[in-house]
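Quick notes on the structure that follows.
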Amino acid sequence: MDIATLAFSALFQFGDAFAFLVLSACGLAVIFGMMGVINLAHGEFIMCGAYITATCTHAGLPLPLSIIVGALVSALVGMLVEFVVVRHLYDRPLDTIVATWGLSLIATQGTLIVIGSTMAGVGTPFGSFQVGAYSYSIYRIVLFFAALGVLGGLYALFNWTSFGVKARATIQVPHMADALGVDTRWIYSLTFACGAGLAGLAGGLYAPTMTLVPTMGATFIMEAFVTVVIGGADVFLGTAPAAAVLGVVKSAMTSWQGQLFGQIGLLVAVIIVVRVLPKGISGFLLRERT
Amino acid sequence: MTGRVLRGLHAAVLSGTLVLVSGAALAADPPIKLGVLEDQSGDFAVATIGKVHAIQLAADEINKAGGIMGRQLELVVYDTQSDNTRYQEFMRRVLQRDKADAVFAGFSSASREAYRPIVDQLNGFAFYNNQYEGGVCDGHMIVTGAVPEQQFSTLIPWMMEKYGKKVYTLAADYNFGQISAEWVRNIVKQNGGEMVGEEFIPLGVSQFSQSIQNIQKAKPDFVVTLLVGTAQASYYEQAASANVNLPMASSVNVGQGYEHKRFKPPSLKDMYVTTNYIEEIDSPQSKAFLAKFKAKFPNEPYVNQEAENSYLAVYLYKQMVERAKSTKRDDIRKVIAQGDVCMDAPEGKVCIDPKSQHMSHTIYLAHVNADHSIDFPKVWPDIKPYWLGDAGCDLTKKDPMAQYTPSNPPPK
């Protein structure tokens with residue numbers, strides 16, 4: 001086993017863990033990290049994206065297009081949820097836990113009743129490639145670059161566009177933004193939709209690699225929350241380094257002692273980071289800069 | 001709140017009609033109550049909704065044919081939501097409040113071990129209609145599912161002969177996976193093989209890149225997959241897309257979660273499963289059963305081995321009650337002790353072993369082809385659940401109410 005093979009394998013496993021953490025977390029980073037809404041229905045937005053993607057693929061749409069449709073539909077559903085439920089609870093953050101948890105139960109059970117206990121998969125595209133003794137799925141590389149793309153897109157969106165500036169202003173000092181003529185209700189709604197759409201995108205991207213069942217969102221939610229909690233309030237400066245740190249810990253521990261230790265390592269790392277950096281990684285980075 | 005009131009009213013109306021109907025048709029004999037505790041939602045629902053339907057099918061057939069000793073069969077169904085604490089809660093309710101004569105309960109071994117002490121404590125009578133890791137020696141339980149000596153001592157030697165002696169086990173990390181993996185380890189060793197790796201996966205894990213690489217590193221001849229739940233089922237798709245291309249052997253896949261129907265071919269290519277029933281079995285009894293099932297539940301996605309176990313369990317219960325002329329557990333166990341409680345099930349002939357109160361089965365080796373069609377390279381008729389009896393469990397003499405494993409056998 002030569003060094004290059006080992007190095008590539010370690011890099012691939014890190015990239016894979018990183019992509020899963022980033023894609024699971026980025027929607028939540030917007031809704032929970034930025035807006036402060038504790039969204040326990042995050043997993044169900046992911047499930048929504050995955051189901052729409054699979055449905056579109058079964059209907060004959062090419063996969064990339066299906067994924068985009070899945071993300072857009074999730075964003076619309078997110079906007080609806082914001083309008084009907086979440087909008088009334090911005091100043092009652094604890095109540096959002098109960099409300100979104102209820103939504104998640106309704107979504108899971110509703111899907112089970114309406115669509116059934118399972119949905120046919122779509123199959124992973126692109127095949128595999130070989131490095132040394134190991135073969136890898138090409139699609140996992142696509143996922144890694146999709147994660148980088150999402151991070152880049154989020155950075156651009158919140159730093160370079162007028163929507164991004166208004167969104168950050170609205171969330172930091174709502175009454176000031178309001179006084180300056182920003183339609184804060186509309187901005188809240190769009191931001192929530194953006195988070196839900198990102199969750200749907202994660203679901204769509206992972207749909208070809210996973211079992212499609214009503215409870216599939218639950219497998220993302222732990223990773224999503226820990227990444228956002230240790231990342232802190234900044235979507236880009238929080239999620240990316242948090243996912244990098246956790247990705248290294250998780251892939252190293254899993255390769256050393258198996259999946260169980262990967263999970264233990266992940267949670268221990270979270271406890272340590274939260275203890276040392278109570279404001280999350282982005283809080284630490286931003287304090288250093290100022 | 002309104003929902004609950006409405007549901008209550010609904011139930012009252014339903015049971016009212018039931019009483020009226022049976023009252024008109026029959027004498028005042030009260031119905032025999034059968035509790036049904038199965039996961040109709042949550043992570044295990046894929047494999048277990050069919051069990052409830054199978055029980056409903058059998059109960060309907062029996063009721064139309066005049067019931068058990070002239071008494072109608074009444075089902076008390078609760079959704080246990082793939083949650084062990086729900087099993088405990090509903091097991092208490094079904095035994096204490098509903099006073100069920102027998103309870104059909106449980107999918108995962110964790111759930112069975114959660115409710116079994118309650119059945120023992122409240123002196124109930126439960127059927128576990130599921131394949132599992134074996135070893136439950138408990139007079140309050142009848143197990144109609146297959147056990148490791150039926151599934152692994154057939155499967156593993158066959159696989160080793162066909163593919164080679166190096167084996168890798170990937171198992172769910174709880175009692176079922178751990179004890180099953182122990183069985184695999186022992187059988188591989190007895191047959192002169194070598195375990196090149198073993199990994200236990202926590203329930204709910206869905207990402208397998210590293211496990212796939214560990215398997216490729218160990219270079220086994222085949223992989224034993226004992227993965228449980230819908231999250232872990234993501235392994236097959238991920239392994240196929242990484243081109244692992246190793247044959248797989250399992251006691252749980254296909255026969256429970258019909259992965260070959262849910263995933264796009266060829267992700268389950270060369271999966272071998274020992275099961276006592278799946279709907280592809282091409283015998284007249286199997287086809288007749290499947291036709292009845294589809295007539296009553298046209299949208300049923302798949303009729304799996306647990307559905308068949310549950311269906312035959314209702315008929316076995318009928319036979320035992322009629323022979324005992326009683327629904328009391330002690331009377332029924334006297335019938336079992338005679339050693340001739342048998343029936344012609346959709347899979348073939350099955351009998352209850354009096355020592356362990358487990359079932360003999362016809363074991364089918366199901367092989368998944370590249371297009372996900374199934375063929376059966378081998379069938380083992382009448383495989384007995386011999387391990388518990390040989391190890392020293394004899395429920396006709398003594399009831400230890402315990403679960404044993406190969407490394408923790410009954411005390412001599």
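Convention: chains lettered A, B, ... in structure tokens order; per-chain residue numbering from 1; ligands numbered from 1 as shown.
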
Exercise. For chain B, report every residue with an atom at most 8 Å from chain A (counting only C-alpha atoms), formatted as an NGL selection string.
Key: :B and (41-43 or 45-46 or 199-202 or 204-206 or 209-211 or 213-214 or 216-217 or 230-231 or 233-235 or 237-238 or 241-244 or 261-265)

Kindly save the residues from that selection, with C-alpha atoms included, as a compact mmCIF listing (two decimals), in the first residue's frame.
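Written out: result-v6.txt:
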# COMPACT_ATOMS: atom_id res chain seq x y z
CA SER B 41 -44.63 4.12 11.61
CA GLY B 42 -41.00 5.00 12.23
CA ASP B 43 -37.79 3.41 11.03
CA ALA B 45 -42.44 0.43 9.30
CA VAL B 46 -41.25 -0.68 5.85
CA GLU B 199 -17.74 -3.88 11.86
CA PHE B 200 -20.75 -2.90 13.95
CA ILE B 201 -22.78 0.05 12.73
CA PRO B 202 -24.92 2.13 15.11
CA GLY B 204 -29.49 5.23 12.11
CA VAL B 205 -26.11 5.58 10.37
CA SER B 206 -26.59 6.17 6.65
CA SER B 209 -17.79 5.43 2.61
CA GLN B 210 -15.30 4.43 5.27
CA SER B 211 -16.87 1.02 5.89
CA GLN B 213 -13.08 1.15 2.15
CA ASN B 214 -12.41 -1.04 5.20
CA GLN B 216 -11.96 -3.34 0.25
CA LYS B 217 -8.85 -3.27 2.43
CA THR B 230 -33.99 2.00 6.58
CA ALA B 231 -31.02 4.27 7.26
CA ALA B 233 -30.10 0.07 3.96
CA SER B 234 -28.34 2.94 2.20
CA TYR B 235 -25.22 0.75 2.32
CA GLU B 237 -26.57 1.70 -3.07
CA GLN B 238 -23.33 3.25 -1.81
CA SER B 241 -21.76 2.91 -6.73
CA ALA B 242 -18.24 2.45 -5.32
CA ASN B 243 -18.04 -0.79 -7.33
CA VAL B 244 -17.32 -3.07 -4.35
CA LYS B 261 -37.70 -3.84 -5.04
CA ARG B 262 -36.75 -0.49 -3.54
CA PHE B 263 -33.31 0.09 -5.02
CA LYS B 264 -32.38 0.52 -8.61
CA PRO B 265 -30.67 -2.57 -10.10

Quiz item: Which residues in stretch 62-289 of chain A does DSSP call alpha helix (DSSP H)? List them as a ChimeraX atom specification.
Solution: /A:63-84,93-115,138-160,162-172,174-179,184-206,218-231,235-257,259-276,280-289

Practice problem: May I ask which of the residues A:Leu198, A:Ala19, A:Ala54, A:Ala71 is the closest one to B:Gln207, counting only C-alpha atoms? | Solution: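 Under the stated criterion, the closest residue is A:Ala19.
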
Quiz item: Which polymer residues have any atom within 10 Å of an atom of B:Ala391, counting only C-alpha atoms, with same-chain residues fewer than 4 positions away left out, as a PyMOL selection string?
Solution: chain B and resi 135+386-387+404-406+409-412

Quiz item: stretch 228-232 of chain A: which residues within 10 Å, counting only C-alpha atoms, same-chain residues fewer than 6 positions away excluded, as a PyMOL selection string?
Solution: chain A and resi 21-22+24-30+32-34+238-243+245-246+269-275+277-284

Exercise. Please identify all polymer residues within 8 Å of B:Met401, counting only C-alpha atoms, omitting same-chain residues fewer than 6 positions from it, and present them as a list in words.
Key: Asp120, Val136, Cys137, Asp138, Gly139 and His140 of chain B

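For the set A:Leu61, A:Leu11, A:Ile171, A:Val77, the residue with the smallest atom-to-atom gap to A:Ile141 is A:Leu11, counting only C-alpha atoms.
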
Quiz item: Running DSSP on the backbone, which parts of stretch 54-268 of chain A land in strand (DSSP E or B), as number ranges by chain?
Solution: A: 119, 128-131, 134-137, 212

Exercise. Measure the distance from atom CA of B:Phe90 to atom CA of B:Phe125 in Å and round it to one decimal.
Key: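 So the two atoms, atom CA of B:Phe90 and atom CA of B:Phe125, lie 14.2 Å apart.
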
Quiz item: Nearest to B:Glu347: which of B:Arg323, B:Glu280, B:Lys397, B:Asn299 is it, counting only C-alpha atoms?
Solution: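 So, comparing all the options, the nearest one is B:Glu280.
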
Quiz item: Can you tell me, as a PyMOL selection string, what residues are no more than 9 Å from stretch 170-180 of chain B when counting only C-alpha atoms, ignoring any on the same chain fewer than 3 positions away?
Solution: (chain A and resi 260) or (chain B and resi 108-110+132-134+148+152+183-185+197-203+211+215+223-229+232+405-406)

Quiz prompt | Close residues, B:Ile118 itself excluded, 9 Å, only C-alpha atoms, min 6 positions apart in chain, as a list in words | solution =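 Skipping anything fewer than 6 positions along the chain leaves Gln88, Met91, Arg92 and Gly124 of chain B.
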
Quiz item: Smallest atom-to-atom distance to B:Pro266: which of B:His372, B:Lys398, B:Arg116, B:Arg97, using only C-alpha atoms?
Solution: B:His372

Quiz prompt | d(atom CA of A:Ala199, atom CA of A:Ala50) in Å | solution =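 Computing it gives 9.5 Å between the two atoms.
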
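Put simply, atom CA of B:Val273 is 10.2 Å away from atom CA of B:Thr154.
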